[in-house]
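Working notes, beginning with the structure itself.
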Amino acid sequence: TRTERSLGAFGSAGATASRSALTLPPPAVPAPPVPAGAGVAVPGAVPFVTPNRDFYRIDTALVVPRVDADDWSLTLHGDGVRTPLTLSFADLLARPLVEHDITLACVSNEVGGDLVGNARWLGVRLADLLREAGVRAPSEGGPADQLVARSVDGMTIGTPVETVLDGREALLAVGMNGEPLPFEHGFPVRMVVPGLYGYVSACKWLRELRLTTFDAYDAYWVRRGWAARAPVKTQSRIDTPRAFATPRAGRVPVAGVAWAQHRGVERVEVRVDGGPWQEARLAAQDGVDTWRQWVWTWDAAPGHHVLEVRATDRTGTPQPERRTPPAPDGATGWHRVEVDVRPGR
């Protein structure tokens, strides 16, 4: 059937062919080049741009949907929609495409975890689509405060309408790091909204957008006890040295990443064994919607040591010390690693 061909499973011929044949149009609004100094040349540090093959995944589908782009369509309807829209994939590609670098993070990421990645996304501005349909933000008198995105597998994700319309580059993404979305990351179309955890913003394999209210509808994860609204919390992570590493005494680079999407990272500090905080050197900033890499050089003495890191966002708000679990709206706390420094040569 057409549904089976569209959704398929592993090896869907139509879906594979539609992706293989796809050449993405050039962006009408290209992203500026990533600054040369956005990364830190330290062994053990992650790359500034996360390769697609290494980008984290959180799936609820038992089998990754394989959607035929030629059969795909998106409907936009609901409360406050003056002009409902139905768009094919070709319709979407015919619109002006925007490139933007955005770091995505999962709400279930523990302090120091790796459920976060940074990519260059290509897509259509979601705000333009909503405005074309006549949608107004709640602050402008619009009746809907929640945008519910539905995937082809039935997953629902609720996003604040006010956030989507506040000027940030919320995208219906069709490309990721210069290629069509991989099937695992939502081909042919997914949502990406900077500054929000993925479970309230990043619907993959998108097929429907419905305007409603938070009072009227609870999306998938909200029904399971997670918060309905979840802006990303400021976080930082030590990537090197790793926990329980055994570096030699002397000058040891301590490096990692920090993120506070749509606010930006202003400062990162490191301390050893509960001593005074030392300011790390921040790598060049690509934008407020991406993580920042950092490095601090430690004059390490032999023995057992504890390293801790904290970040401050560009509003001047420091990352909280208190450790809390991811549920219901994202983990907090300083990342710490313990290392054993060996005597130098």
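Note on naming: chains are A, B, ... as they come in the structure tokens, residues start from 1 per chain, ligands start from 1 in the order shown.
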
DSSP-assigned helix (DSSP H, G or I) among range 8-232 of chain A, expressed as a count of residues only: 39

Report as a Markdown table: every residue of range 204-290 of chain A with an atom at most 10 Å from range 120-139 of chain A, its closest pair of atoms, and their distance in Å to one decimal, counting only C-alpha atoms, with rows sorted by chain and ascending residue number.
| residue | atom | partner | partner_atom | distance |
| --- | --- | --- | --- | --- |
| A:Leu209 | CA | A:Leu130 | CA | 9.7 |
| A:Leu211 | CA | A:Val135 | CA | 8.6 |
| A:Thr290 | CA | A:Arg120 | CA | 9.8 |

Give me the range 100-155 of chain A side of the contact with range 232-236 of chain A, cut-off 9 Å, one line per residue showing its nearest atom pair and distance in Å at one decimal, counting only C-alpha atoms, sorted by chain and residue number, as CSV.
residue,atom,partner,partner_atom,distance
A:Ala105,CA,A:Val232,CA,7.6
A:Cys106,CA,A:Val232,CA,8.9
A:Val107,CA,A:Val232,CA,7.9
A:Val111,CA,A:Gln235,CA,7.6
A:Gly112,CA,A:Ser236,CA,7.2

Which of range 121-211 of chain A fall in strand (DSSP E or B), as a count of residues only: 34

Near-range 42-45 of chain A list (7 Å; only C-alpha atoms; drop same-chain fewer than 4 positions) as an MDAnalysis selection string: chainID A and resid 239:240 255:256

Minimum-distance residue to Val29 in chain A, chosen among A:Glu99, A:Asp153, A:Val341, A:Ser12 (using only C-alpha atoms):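 Selected residue with least distance to Val29 in chain A: A:Glu99.
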
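Closest to Leu282 in chain A among A:Arg229, A:Met155, A:Ser18, A:Gly39 is A:Gly39, based on only C-alpha atoms.
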
Residues within 12 Å of Asp91 in chain A, only C-alpha atoms, excluding chain neighbours under 6 positions, as a count of residues only: 9

Residue nearest Ile58 in chain A - candidates A:Gly141, A:Pro26, A:Pro318, A:Gly198, atoms counted: only C-alpha atoms: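 Of all the options, A:Gly198 lies closest to Ile58 in chain A.
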
Interatomic distance (Å, one decimal) between CA of Arg150 in chain A and CA of Ala228 in chain A: 15.6 Å
